[in-house]
file run.tsv (TSV, C-alpha atoms and all ligand atoms)
chain	number	residue	atom	x	y	z
A	300	MET	CA	33.38	33.59	128.52
A	301	ASP	CA	31.52	32.25	125.48
A	302	ALA	CA	34.18	30.44	123.42
A	303	SER	CA	32.28	31.18	120.21
A	304	VAL	CA	32.83	34.94	120.63
A	305	PRO	CA	35.93	35.89	118.64
A	306	ARG	CA	38.61	37.36	120.88
A	307	ASN	CA	39.85	40.29	118.86
A	308	LYS	CA	40.71	42.22	121.97
A	309	ALA	CA	44.33	41.11	122.04
A	310	GLN	CA	44.76	42.79	118.67
A	311	ASP	CA	43.41	46.18	119.75
A	312	PRO	CA	46.17	48.74	120.25
A	313	ILE	CA	46.63	49.90	123.82
A	314	LEU	CA	47.15	53.52	122.70
A	315	ARG	CA	45.70	55.23	119.66
A	316	LEU	CA	46.67	58.76	118.61
A	317	GLN	CA	44.40	60.22	115.98
A	318	GLY	CA	45.37	63.39	114.15
A	319	LEU	CA	46.90	65.03	117.24
A	320	SER	CA	48.02	68.61	116.71
A	321	LYS	CA	49.44	71.30	118.97
A	322	ARG	CA	49.87	74.85	117.78
A	323	PHE	CA	52.00	77.49	119.51
A	324	GLY	CA	51.15	80.78	117.75
A	325	GLY	CA	52.46	80.40	114.21
A	326	LEU	CA	54.16	77.06	114.84
A	327	GLU	CA	52.41	73.71	114.66
A	328	ALA	CA	54.77	71.73	116.91
A	329	VAL	CA	52.71	68.53	116.51
A	330	SER	CA	50.79	68.22	113.29
A	331	GLY	CA	48.08	65.66	112.48
A	332	PHE	CA	49.97	62.94	114.32
A	333	THR	CA	48.38	59.49	113.96
A	334	MET	CA	50.02	56.43	115.48
A	335	THR	CA	49.17	53.32	117.49
A	336	LEU	CA	51.06	51.51	120.22
A	337	GLU	CA	50.35	47.81	120.50
A	338	ARG	CA	50.04	46.00	123.81
A	339	GLY	CA	53.52	45.02	125.00
A	340	GLU	CA	55.24	46.97	122.23
A	341	LEU	CA	58.42	48.95	122.79
A	342	LYS	CA	58.37	51.68	120.16
A	343	GLY	CA	61.25	54.07	119.58
A	344	LEU	CA	60.32	57.65	118.69
A	345	ILE	CA	63.12	59.54	117.00
A	346	GLY	CA	63.48	62.83	115.17
A	347	PRO	CA	65.78	65.85	114.94
A	348	ASN	CA	65.84	68.50	117.71
A	349	GLY	CA	62.59	70.45	117.74
A	350	ALA	CA	60.68	67.74	115.82
A	351	GLY	CA	57.90	67.77	118.45
A	352	LYS	CA	58.64	64.58	120.41
A	353	SER	CA	58.42	66.09	123.91
A	354	THR	CA	55.37	68.13	122.90
A	355	LEU	CA	53.70	64.89	121.81
A	356	PHE	CA	54.44	63.40	125.26
A	357	HIS	CA	53.01	66.56	126.88
A	358	LEU	CA	49.81	66.01	124.89
A	359	ILE	CA	49.51	62.32	125.80
A	360	SER	CA	50.16	63.04	129.47
A	361	GLY	CA	47.59	65.86	129.58
A	362	LEU	CA	50.04	68.71	130.26
A	363	TYR	CA	48.97	70.32	126.98
A	364	LYS	CA	45.55	70.12	125.40
A	365	PRO	CA	45.66	69.26	121.71
A	366	THR	CA	44.52	71.97	119.29
A	367	LYS	CA	43.08	69.16	117.16
A	368	GLY	CA	42.76	65.39	117.28
A	369	ASN	CA	42.02	62.75	119.88
A	370	PHE	CA	43.73	59.95	121.73
A	371	PHE	CA	42.51	56.77	123.33
A	372	LEU	CA	43.82	54.34	125.94
A	373	GLU	CA	42.23	51.04	124.97
A	374	LYS	CA	38.62	52.05	124.28
A	375	ASN	CA	38.65	55.14	126.52
A	376	GLU	CA	39.07	58.57	125.07
A	377	LEU	CA	41.50	60.61	127.17
A	378	THR	CA	41.58	63.81	125.08
A	379	GLY	CA	41.25	66.87	127.28
A	380	GLN	CA	41.58	64.98	130.57
A	381	THR	CA	43.81	66.35	133.33
A	382	PRO	CA	47.28	64.88	134.00
A	383	ASP	CA	46.19	63.24	137.28
A	384	LYS	CA	43.25	61.50	135.57
A	385	ILE	CA	45.51	60.30	132.77
A	386	VAL	CA	48.04	58.95	135.27
A	387	ALA	CA	45.22	57.19	137.13
A	388	LYS	CA	44.12	55.56	133.85
A	389	GLY	CA	47.61	54.12	133.40
A	390	ILE	CA	49.88	56.44	131.40
A	391	ALA	CA	53.08	57.46	133.19
A	392	ARG	CA	56.05	59.38	131.85
A	393	THR	CA	59.49	60.65	132.64
A	394	PHE	CA	60.71	64.13	131.72
A	395	GLN	CA	63.62	65.09	129.50
A	396	THR	CA	64.85	67.16	132.45
A	397	VAL	CA	64.54	65.05	135.60
A	398	LYS	CA	62.14	66.47	138.18
A	399	LEU	CA	62.54	65.07	141.70
A	400	LEU	CA	61.03	66.85	144.70
A	401	GLU	CA	63.08	69.85	145.87
A	402	ASN	CA	65.04	69.30	149.10
A	403	SER	CA	63.43	65.94	149.70
A	404	SER	CA	64.64	62.42	150.10
A	405	VAL	CA	64.32	59.88	147.33
A	406	LEU	CA	61.71	58.13	149.47
A	407	GLU	CA	59.60	61.32	149.66
A	408	SER	CA	59.65	61.68	145.87
A	409	MET	CA	58.56	58.06	145.58
A	410	ARG	CA	55.80	58.61	148.16
A	411	THR	CA	54.32	61.52	146.19
A	412	ALA	CA	54.11	59.35	143.08
A	413	PHE	CA	52.70	56.38	144.98
A	414	PHE	CA	49.91	58.29	146.69
A	415	MET	CA	48.97	59.97	143.43
A	416	SER	CA	47.81	56.64	142.07
A	417	TYR	CA	46.70	54.90	145.27
A	418	GLY	CA	44.34	57.72	146.23
A	419	TYR	CA	44.76	58.96	149.72
A	420	LYS	CA	43.42	62.17	151.18
A	421	PRO	CA	45.07	64.77	153.42
A	422	TRP	CA	42.86	63.80	156.37
A	423	ASP	CA	44.16	60.22	156.13
A	424	LEU	CA	47.61	61.57	156.89
A	425	PHE	CA	46.33	64.04	159.48
A	426	PHE	CA	44.39	61.46	161.47
A	427	HIS	CA	46.71	58.55	160.71
A	428	THR	CA	43.70	56.55	159.61
A	429	LYS	CA	43.81	52.81	159.13
A	430	ARG	CA	43.86	53.40	155.41
A	431	TYR	CA	46.91	55.63	155.75
A	432	ARG	CA	48.78	53.07	157.87
A	433	ARG	CA	47.92	50.25	155.49
A	434	GLN	CA	49.00	52.25	152.46
A	435	GLU	CA	52.18	53.41	154.15
A	436	GLU	CA	53.15	49.77	154.77
A	437	ALA	CA	52.41	48.85	151.16
A	438	PHE	CA	54.29	51.93	149.96
A	439	LYS	CA	57.48	51.12	151.87
A	440	GLU	CA	57.55	47.61	150.53
A	441	LYS	CA	56.93	48.70	146.94
A	442	ALA	CA	59.35	51.64	147.11
A	443	HIS	CA	62.11	49.26	148.18
A	444	GLU	CA	61.22	46.81	145.44
A	445	TYR	CA	61.08	49.43	142.66
A	446	LEU	CA	64.28	51.20	143.72
A	447	SER	CA	66.00	47.79	143.89
A	448	LEU	CA	64.91	47.03	140.32
A	449	LEU	CA	66.75	50.19	139.29
A	450	GLY	CA	69.69	49.36	141.59
A	451	VAL	CA	69.29	52.51	143.73
A	452	GLN	CA	67.67	51.08	146.88
A	453	ASP	CA	70.56	52.31	149.05
A	454	LEU	CA	69.81	55.93	148.18
A	455	MET	CA	66.36	56.09	149.78
A	456	ASP	CA	67.30	58.63	152.43
A	457	MET	CA	69.49	60.80	150.22
A	458	ASN	CA	68.39	64.21	148.95
A	459	GLY	CA	67.25	63.40	145.40
A	460	ASN	CA	68.49	66.67	143.91
A	461	GLU	CA	72.00	66.08	145.17
A	462	LEU	CA	72.41	62.75	143.41
A	463	ALA	CA	74.46	62.35	140.24
A	464	TYR	CA	72.35	62.84	137.13
A	465	GLY	CA	72.34	59.17	136.11
A	466	LEU	CA	71.07	58.19	139.55
A	467	GLN	CA	68.33	60.83	139.43
A	468	ARG	CA	67.19	59.36	136.11
A	469	LYS	CA	66.98	55.90	137.68
A	470	VAL	CA	64.96	57.28	140.61
A	471	SER	CA	62.60	59.05	138.19
A	472	ILE	CA	61.95	55.75	136.41
A	473	ALA	CA	61.34	54.02	139.77
A	474	MET	CA	58.83	56.82	140.50
A	475	THR	CA	56.85	55.98	137.37
A	476	LEU	CA	56.47	52.41	138.64
A	477	CYS	CA	54.76	53.81	141.77
A	478	LEU	CA	52.06	55.10	139.40
A	479	ASN	CA	51.14	51.54	138.44
A	480	PRO	CA	51.31	52.27	134.69
A	481	LYS	CA	50.20	50.29	131.66
A	482	ILE	CA	52.04	52.65	129.33
A	483	LEU	CA	55.39	54.26	129.97
A	484	LEU	CA	56.57	57.31	128.02
A	485	LEU	CA	60.32	57.72	128.41
A	486	ASP	CA	61.74	61.06	127.20
A	487	GLU	CA	65.46	60.62	126.53
A	488	PRO	CA	66.19	58.49	129.61
A	489	MET	CA	69.77	57.85	128.44
A	490	ALA	CA	70.79	61.49	127.89
A	491	GLY	CA	73.91	62.35	129.86
A	492	LEU	CA	74.59	58.75	130.89
A	493	THR	CA	77.93	56.99	130.42
A	494	HIS	CA	78.26	54.09	127.99
A	495	THR	CA	78.11	51.56	130.85
A	496	GLU	CA	75.08	53.27	132.40
A	497	LYS	CA	73.31	53.21	129.03
A	498	ASN	CA	73.90	49.46	128.71
A	499	GLU	CA	72.62	48.90	132.24
A	500	LEU	CA	69.51	51.01	131.67
A	501	THR	CA	68.82	49.21	128.38
A	502	GLU	CA	68.76	45.91	130.28
A	503	THR	CA	66.64	47.43	133.04
A	504	ILE	CA	64.03	48.81	130.63
A	505	LEU	CA	63.65	45.36	129.05
A	506	ARG	CA	63.30	43.77	132.49
A	507	LEU	CA	60.67	46.31	133.63
A	508	LYS	CA	58.72	45.86	130.40
A	509	GLU	CA	58.43	42.10	130.99
A	510	ARG	CA	57.86	42.30	134.73
A	511	PHE	CA	55.09	44.93	134.63
A	512	GLU	CA	53.74	44.04	131.17
A	513	LEU	CA	54.38	47.56	129.98
A	514	SER	CA	53.88	49.11	126.59
A	515	ILE	CA	56.57	51.74	126.05
A	516	ILE	CA	57.35	54.69	123.82
A	517	LEU	CA	61.00	55.62	124.07
A	518	VAL	CA	62.30	58.95	122.80
A	519	GLU	CA	66.04	58.70	122.33
A	520	HIS	CA	68.77	60.30	120.22
A	521	ASP	CA	71.25	57.44	120.65
A	522	MET	CA	70.53	55.29	117.60
A	523	LYS	CA	72.48	52.33	119.00
A	524	VAL	CA	70.16	52.25	122.00
A	525	ILE	CA	67.08	52.59	119.78
A	526	MET	CA	68.22	49.83	117.42
A	527	ASN	CA	69.06	47.49	120.32
A	528	LEU	CA	65.85	48.03	122.24
A	529	CYS	CA	63.00	48.78	119.91
A	530	GLU	CA	60.91	46.46	117.78
A	531	THR	CA	59.50	49.37	115.81
A	532	ILE	CA	60.73	52.89	115.27
A	533	ALA	CA	58.60	55.92	114.48
A	534	VAL	CA	60.24	58.98	112.96
A	535	MET	CA	58.95	62.47	113.58
A	536	ASN	CA	59.95	65.60	111.70
A	537	GLN	CA	58.43	69.08	111.94
A	538	GLY	CA	55.54	67.73	113.99
A	539	ARG	CA	54.64	64.94	111.59
A	540	LEU	CA	55.08	61.18	111.57
A	541	ILE	CA	57.20	60.69	108.45
A	542	ALA	CA	58.06	56.99	108.72
A	543	GLU	CA	57.53	53.92	110.85
A	544	GLY	CA	59.08	50.46	110.66
A	545	SER	CA	62.02	48.28	111.61
A	546	GLY	CA	65.54	49.65	112.02
A	547	SER	CA	66.61	48.77	108.48
A	548	GLU	CA	63.37	50.12	106.97
A	549	ILE	CA	63.97	53.42	108.75
A	550	ARG	CA	67.62	53.66	107.73
A	551	ASN	CA	66.72	53.15	104.08
A	552	ASN	CA	63.80	55.58	104.04
A	553	ALA	CA	64.56	58.57	101.80
A	554	GLN	CA	62.43	61.00	103.86
A	555	VAL	CA	64.22	59.97	107.06
A	556	VAL	CA	67.63	60.42	105.51
A	557	GLU	CA	66.50	63.83	104.24
A	558	ALA	CA	65.23	64.86	107.71
A	559	TYR	CA	68.56	63.93	109.26
A	560	LEU	CA	70.70	65.39	106.47
A	561	GLY	CA	73.69	67.15	107.91
A	562	THR	CA	73.58	65.14	111.16
A	563	SER	CA	75.33	61.83	111.79
A	564	ASP	CA	72.47	60.46	113.89
A	565	VAL	CA	70.96	57.94	111.51
A	601	LIG	N1	55.60	75.94	125.25
A	601	LIG	C1	56.03	76.21	124.00
A	601	LIG	N2	55.77	77.41	123.41
A	601	LIG	C2	56.18	77.67	122.15
A	601	LIG	N3	56.88	76.81	121.40
A	601	LIG	C3	57.18	75.60	121.93
A	601	LIG	C4	56.78	75.25	123.25
A	601	LIG	N4	57.21	73.98	123.51
A	601	LIG	C5	57.86	73.59	122.41
A	601	LIG	N5	57.85	74.56	121.47
A	601	LIG	C6	58.42	74.45	120.11
A	601	LIG	O1	57.85	73.31	119.51
A	601	LIG	C7	58.81	72.62	118.72
A	601	LIG	C8	58.91	71.18	119.20
A	601	LIG	O2	59.57	71.15	120.45
A	601	LIG	P1	59.82	69.83	121.27
A	601	LIG	O3	60.45	70.20	122.55
A	601	LIG	O4	58.55	69.06	121.31
A	601	LIG	O5	60.86	69.06	120.32
A	601	LIG	P2	61.67	67.71	120.59
A	601	LIG	O6	61.44	66.84	119.40
A	601	LIG	O7	61.34	67.16	121.91
A	601	LIG	O8	63.18	68.23	120.54
A	601	LIG	P3	64.49	67.70	121.36
A	601	LIG	O9	64.97	66.48	120.61
A	601	LIG	O10	65.45	68.83	121.23
A	601	LIG	O11	64.09	67.43	122.76
A	601	LIG	C9	60.11	73.42	118.83
A	601	LIG	O12	60.19	74.28	117.72
A	601	LIG	C10	59.93	74.19	120.12
A	601	LIG	O13	60.65	75.39	120.10
A	602	MG	MG	62.41	66.77	123.62
call {"tool": "encode", "arguments": {"input": "run.tsv", "output": "structure tokens", "more": "lines below"}}
Ligand SMILES: Nc1ncnc2c1ncn2[C@@H]1O[C@H](COP(=O)(O)OP(=O)(O)OP(=O)(O)O)[C@@H](O)[C@H]1O
Ligand SMILES: [Mg+2]
result
Amino acid sequence: MDASVPRNKAQDPILRLQGLSKRFGGLEAVSGFTMTLERGELKGLIGPNGAGKSTLFHLISGLYKPTKGNFFLEKNELTGQTPDKIVAKGIARTFQTVKLLENSSVLESMRTAFFMSYGYKPWDLFFHTKRYRRQEEAFKEKAHEYLSLLGVQDLMDMNGNELAYGLQRKVSIAMTLCLNPKILLLDEPMAGLTHTEKNELTETILRLKERFELSIILVEHDMKVIMNLCETIAVMNQGRLIAEGSGSEIRNNAQVVEAYLGTSDV
């Protein structure tokens, strides 16, 4: 590379949301939402129930099409693309309600995620092509590695839906790693976990972020978790971004206090 060319690239945000809106009939659940996520950033996204946090994730993951606005991964516009295309470009997410495959082993759930991003066709499986065998080998190795990172490698053959909730959450995070993401959207990954499990998962998220060079948006109601984990916190209320900053900036923001009035969350 020509050393005289300024390298501004490192300063470009990895994700850029520009005026995103989603209307459901008379309700604008997400309203003119503009925000950036920097490369390697772990941003907390908080807001009262019904603020629009999950809807925003549905927009970024392509499950909903925005009524207005655009969003970009690096320089590529992803607005209007289908969920599989968005996953292939590098945005993976977990769901507020965990969704593992029905009546299937943990390994099967992992396999579905893996083959979504590593592109393999039904005939590969049918004819046991070389490509299938090669990918199956790679899959088994990676599945073991990712489940081990979450501490659930011994559960591979268990029926995913029969696992305790905390374990299902860990499996669902391991599944996102199979998608080879650049950006991870975590929708309340700590909900329903015990205090000890929350501490463990906090450590794990930090480890995964470093190991896979992830940029993360974390939606979470537990303010202790948010304050411990996140460099920056964005606050959403009634579909809008009302504040963004460090923990202390957020706590002292009059609009944030107003939004949370009557709750003990902030
Ligand atoms: N498919 C839908 N159709 C109509 N309204 C919807 C739909 N999905 C969400 N909403 C409404 O949009 C608003 C935002 O909901 P959303 O689930 O995004 O909030 P949230 O911030 O994730 O809340 P929580 O913290 O409770 O998970 C709510 O008023 C909700 O009722
Ligand atoms: Mg939600």
call {"tool": "residues_around", "arguments": {"input": "run.tsv", "residues": "Ile359 in chain A", "least_positions_apart": "6", "cutoff": "10 Å", "atoms": "only C-alpha atoms", "output": "list in words"}}
result
Leu314, Leu316, Leu319, Ser353, Pro365, Asn369, Phe370, Phe371, Leu372, Leu377, Thr378, Gly379, Gln380, Pro382, Ile385, Ile390, Ala391, Arg392 and Leu484 of chain A
call {"tool": "closest_atom_pairs", "arguments": {"input": "run.tsv", "of": "chain A", "to": "ligand LIG 601 (chain A)", "cutoff": "10 Å", "atoms": "only C-alpha atoms and all ligand atoms", "output": "JSON lines"}}
result
{"residue": "A:Lys321", "atom": "CA", "partner": "A:LIG601", "partner_atom": "O1", "distance": 8.7}
{"residue": "A:Arg322", "atom": "CA", "partner": "A:LIG601", "partner_atom": "N3", "distance": 8.1}
{"residue": "A:Phe323", "atom": "CA", "partner": "A:LIG601", "partner_atom": "C2", "distance": 4.9}
{"residue": "A:Gly324", "atom": "CA", "partner": "A:LIG601", "partner_atom": "C2", "distance": 7.4}
{"residue": "A:Gly325", "atom": "CA", "partner": "A:LIG601", "partner_atom": "N3", "distance": 9.2}
{"residue": "A:Leu326", "atom": "CA", "partner": "A:LIG601", "partner_atom": "O1", "distance": 7.0}
{"residue": "A:Glu327", "atom": "CA", "partner": "A:LIG601", "partner_atom": "O1", "distance": 7.3}
{"residue": "A:Ala328", "atom": "CA", "partner": "A:LIG601", "partner_atom": "O1", "distance": 4.3}
{"residue": "A:Val329", "atom": "CA", "partner": "A:LIG601", "partner_atom": "C8", "distance": 7.3}
{"residue": "A:Leu344", "atom": "CA", "partner": "A:LIG601", "partner_atom": "O6", "distance": 9.3}
{"residue": "A:Ile345", "atom": "CA", "partner": "A:LIG601", "partner_atom": "O6", "distance": 7.9}
{"residue": "A:Gly346", "atom": "CA", "partner": "A:LIG601", "partner_atom": "O6", "distance": 6.2}
{"residue": "A:Pro347", "atom": "CA", "partner": "A:LIG601", "partner_atom": "O9", "distance": 5.8}
{"residue": "A:Asn348", "atom": "CA", "partner": "A:LIG601", "partner_atom": "O10", "distance": 3.6}
{"residue": "A:Gly349", "atom": "CA", "partner": "A:LIG601", "partner_atom": "O5", "distance": 3.4}
{"residue": "A:Ala350", "atom": "CA", "partner": "A:LIG601", "partner_atom": "O6", "distance": 3.8}
{"residue": "A:Gly351", "atom": "CA", "partner": "A:LIG601", "partner_atom": "O4", "distance": 3.2}
{"residue": "A:Lys352", "atom": "CA", "partner": "A:LIG601", "partner_atom": "O6", "distance": 3.7}
{"residue": "A:Ser353", "atom": "CA", "partner": "A:LIG601", "partner_atom": "O7", "distance": 3.7}
{"residue": "A:Thr354", "atom": "CA", "partner": "A:LIG601", "partner_atom": "O4", "distance": 3.7}
{"residue": "A:Leu355", "atom": "CA", "partner": "A:LIG601", "partner_atom": "O4", "distance": 6.4}
{"residue": "A:Phe356", "atom": "CA", "partner": "A:LIG601", "partner_atom": "O4", "distance": 8.0}
{"residue": "A:His357", "atom": "CA", "partner": "A:LIG601", "partner_atom": "O4", "distance": 8.2}
{"residue": "A:Leu358", "atom": "CA", "partner": "A:LIG601", "partner_atom": "O4", "distance": 9.9}
{"residue": "A:Tyr363", "atom": "CA", "partner": "A:LIG601", "partner_atom": "N1", "distance": 8.9}
{"residue": "A:Gln395", "atom": "CA", "partner": "A:LIG601", "partner_atom": "O11", "distance": 7.2}
{"residue": "A:Thr396", "atom": "CA", "partner": "A:LIG601", "partner_atom": "O11", "distance": 9.7}
{"residue": "A:Asp486", "atom": "CA", "partner": "A:LIG601", "partner_atom": "O7", "distance": 8.1}
{"residue": "A:Glu487", "atom": "CA", "partner": "A:LIG601", "partner_atom": "O11", "distance": 7.9}
{"residue": "A:Val518", "atom": "CA", "partner": "A:LIG601", "partner_atom": "O9", "distance": 8.3}
{"residue": "A:Glu519", "atom": "CA", "partner": "A:LIG601", "partner_atom": "O9", "distance": 8.0}
{"residue": "A:His520", "atom": "CA", "partner": "A:LIG601", "partner_atom": "O9", "distance": 7.3}
{"residue": "A:Met535", "atom": "CA", "partner": "A:LIG601", "partner_atom": "O6", "distance": 7.7}
{"residue": "A:Asn536", "atom": "CA", "partner": "A:LIG601", "partner_atom": "O6", "distance": 7.9}
{"residue": "A:Gln537", "atom": "CA", "partner": "A:LIG601", "partner_atom": "C8", "distance": 7.6}
{"residue": "A:Gly538", "atom": "CA", "partner": "A:LIG601", "partner_atom": "C8", "distance": 7.1}
call {"tool": "residues_around", "arguments": {"input": "run.tsv", "residues": "Tyr445 in chain A", "least_positions_apart": "4", "cutoff": "10 Å", "atoms": "only C-alpha atoms", "output": "list in words"}}
result
Met409, Glu440, Lys441, Leu449, Gly450, Val451, Gln452, Val470, Ile472, Ala473, Met474, Thr475, Leu476, Cys477 and Leu507 of chain A
call {"tool": "closest_residue", "arguments": {"input": "run.tsv", "among": "A:Cys529, A:Leu485, A:Leu466, A:Leu406", "to": "Leu517 in chain A", "atoms": "all atoms listed in the file"}}
result
A:Leu485
call {"tool": "atom_distance", "arguments": {"input": "run.tsv", "atom1": "CA of Pro488 in chain A", "atom2": "CA of Val524 in chain A"}}
result
10.6 Å
call {"tool": "closest_residue", "arguments": {"input": "run.tsv", "among": "A:Ser545, A:Gln317, A:Asn498, A:Thr393", "to": "ligand MG 602 (chain A)", "atoms": "only C-alpha atoms and all ligand atoms"}}
result
A:Thr393
call {"tool": "closest_residue", "arguments": {"input": "run.tsv", "among": "A:Glu543, A:Asp311, A:Tyr431, A:Phe394", "to": "ligand MG 602 (chain A)", "atoms": "only C-alpha atoms and all ligand atoms"}}
result
A:Phe394
call {"tool": "atom_distance", "arguments": {"input": "run.tsv", "atom1": "CA of Ser447 in chain A", "atom2": "CA of Val405 in chain A"}}
result
12.7 Å
call {"tool": "residues_around", "arguments": {"input": "run.tsv", "residues": "Gly318 in chain A", "least_positions_apart": "3", "cutoff": "7 Å", "atoms": "only C-alpha atoms", "output": "ChimeraX atom specification"}}
result
/A:331-333,367-369
call {"tool": "closest_residue", "arguments": {"input": "run.tsv", "among": "A:Leu478, A:Ala558, A:Ala490, A:Ile515", "to": "ligand MG 602 (chain A)", "atoms": "only C-alpha atoms and all ligand atoms"}}
result
A:Ala490
call {"tool": "atom_distance", "arguments": {"input": "run.tsv", "atom1": "CA of Leu500 in chain A", "atom2": "CA of Gly389 in chain A"}}
result
22.2 Å
call {"tool": "residues_around", "arguments": {"input": "run.tsv", "residues": "Val397 in chain A", "least_positions_apart": "3", "cutoff": "7 Å", "atoms": "all atoms listed in the file", "output": "list in words"}}
result
Phe394, Gln467, Arg468 and Ser471 of chain A
call {"tool": "closest_residue", "arguments": {"input": "run.tsv", "among": "A:Glu512, A:Glu499, A:Glu548, A:Glu444", "to": "Ala533 in chain A", "atoms": "only C-alpha atoms"}}
result
A:Glu548
call {"tool": "closest_residue", "arguments": {"input": "run.tsv", "among": "A:Val386, A:Met522, A:Gly343, A:Leu528", "to": "Gly361 in chain A", "atoms": "only C-alpha atoms"}}
result
A:Val386
call {"tool": "residues_near_point", "arguments": {"input": "run.tsv", "point": "(77.9, 61.7, 131.8)", "cutoff": "8 Å", "atoms": "all atoms listed in the file", "output": "compact mmCIF listing (two decimals) with C-alpha atoms, in the frame of the given file"}}
result
# COMPACT_ATOMS: atom_id res chain seq x y z
CA TYR A 464 72.35 62.84 137.13
CA GLY A 465 72.34 59.17 136.11
CA GLY A 491 73.91 62.35 129.86
CA LEU A 492 74.59 58.75 130.89
CA THR A 493 77.93 56.99 130.42
call {"tool": "decode", "arguments": {"input": "run.tsv", "residues": "range 477-488 of chain A", "atoms": "N, CA and C atoms", "output": "PDB file, in the first residue's frame"}}
result
ATOM      1  N   CYS A 477     -21.011 -19.647  14.717  1.00  0.00           N
ATOM      2  CA  CYS A 477     -20.992 -20.466  13.491  1.00  0.00           C
ATOM      3  C   CYS A 477     -21.255 -19.604  12.260  1.00  0.00           C
ATOM      4  N   LEU A 478     -21.852 -18.427  12.461  1.00  0.00           N
ATOM      5  CA  LEU A 478     -22.203 -17.562  11.329  1.00  0.00           C
ATOM      6  C   LEU A 478     -21.043 -16.648  10.933  1.00  0.00           C
ATOM      7  N   ASN A 479     -19.922 -16.802  11.638  1.00  0.00           N
ATOM      8  CA  ASN A 479     -18.717 -16.064  11.295  1.00  0.00           C
ATOM      9  C   ASN A 479     -18.960 -14.543  11.262  1.00  0.00           C
ATOM     10  N   PRO A 480     -19.511 -14.005  12.361  1.00  0.00           N
ATOM     11  CA  PRO A 480     -19.948 -12.599  12.319  1.00  0.00           C
ATOM     12  C   PRO A 480     -18.833 -11.580  12.536  1.00  0.00           C
ATOM     13  N   LYS A 481     -19.101 -10.364  12.029  1.00  0.00           N
ATOM     14  CA  LYS A 481     -18.262  -9.212  12.380  1.00  0.00           C
ATOM     15  C   LYS A 481     -18.978  -8.437  13.487  1.00  0.00           C
ATOM     16  N   ILE A 482     -20.314  -8.439  13.375  1.00  0.00           N
ATOM     17  CA  ILE A 482     -21.135  -7.704  14.345  1.00  0.00           C
ATOM     18  C   ILE A 482     -22.085  -8.681  15.021  1.00  0.00           C
ATOM     19  N   LEU A 483     -22.179  -8.549  16.333  1.00  0.00           N
ATOM     20  CA  LEU A 483     -23.088  -9.400  17.092  1.00  0.00           C
ATOM     21  C   LEU A 483     -24.140  -8.515  17.765  1.00  0.00           C
ATOM     22  N   LEU A 484     -25.414  -8.861  17.567  1.00  0.00           N
ATOM     23  CA  LEU A 484     -26.505  -8.145  18.217  1.00  0.00           C
ATOM     24  C   LEU A 484     -27.074  -9.078  19.277  1.00  0.00           C
ATOM     25  N   LEU A 485     -26.918  -8.717  20.532  1.00  0.00           N
ATOM     26  CA  LEU A 485     -27.363  -9.598  21.618  1.00  0.00           C
ATOM     27  C   LEU A 485     -28.590  -8.987  22.286  1.00  0.00           C
ATOM     28  N   ASP A 486     -29.737  -9.677  22.178  1.00  0.00           N
ATOM     29  CA  ASP A 486     -30.991  -9.144  22.721  1.00  0.00           C
ATOM     30  C   ASP A 486     -31.286  -9.780  24.078  1.00  0.00           C
ATOM     31  N   GLU A 487     -30.953  -9.059  25.126  1.00  0.00           N
ATOM     32  CA  GLU A 487     -31.157  -9.501  26.509  1.00  0.00           C
ATOM     33  C   GLU A 487     -30.610 -10.903  26.790  1.00  0.00           C
ATOM     34  N   PRO A 488     -29.316 -11.108  26.549  1.00  0.00           N
ATOM     35  CA  PRO A 488     -28.749 -12.446  26.749  1.00  0.00           C
ATOM     36  C   PRO A 488     -28.726 -12.886  28.214  1.00  0.00           C
TER      37      PRO A 488
END
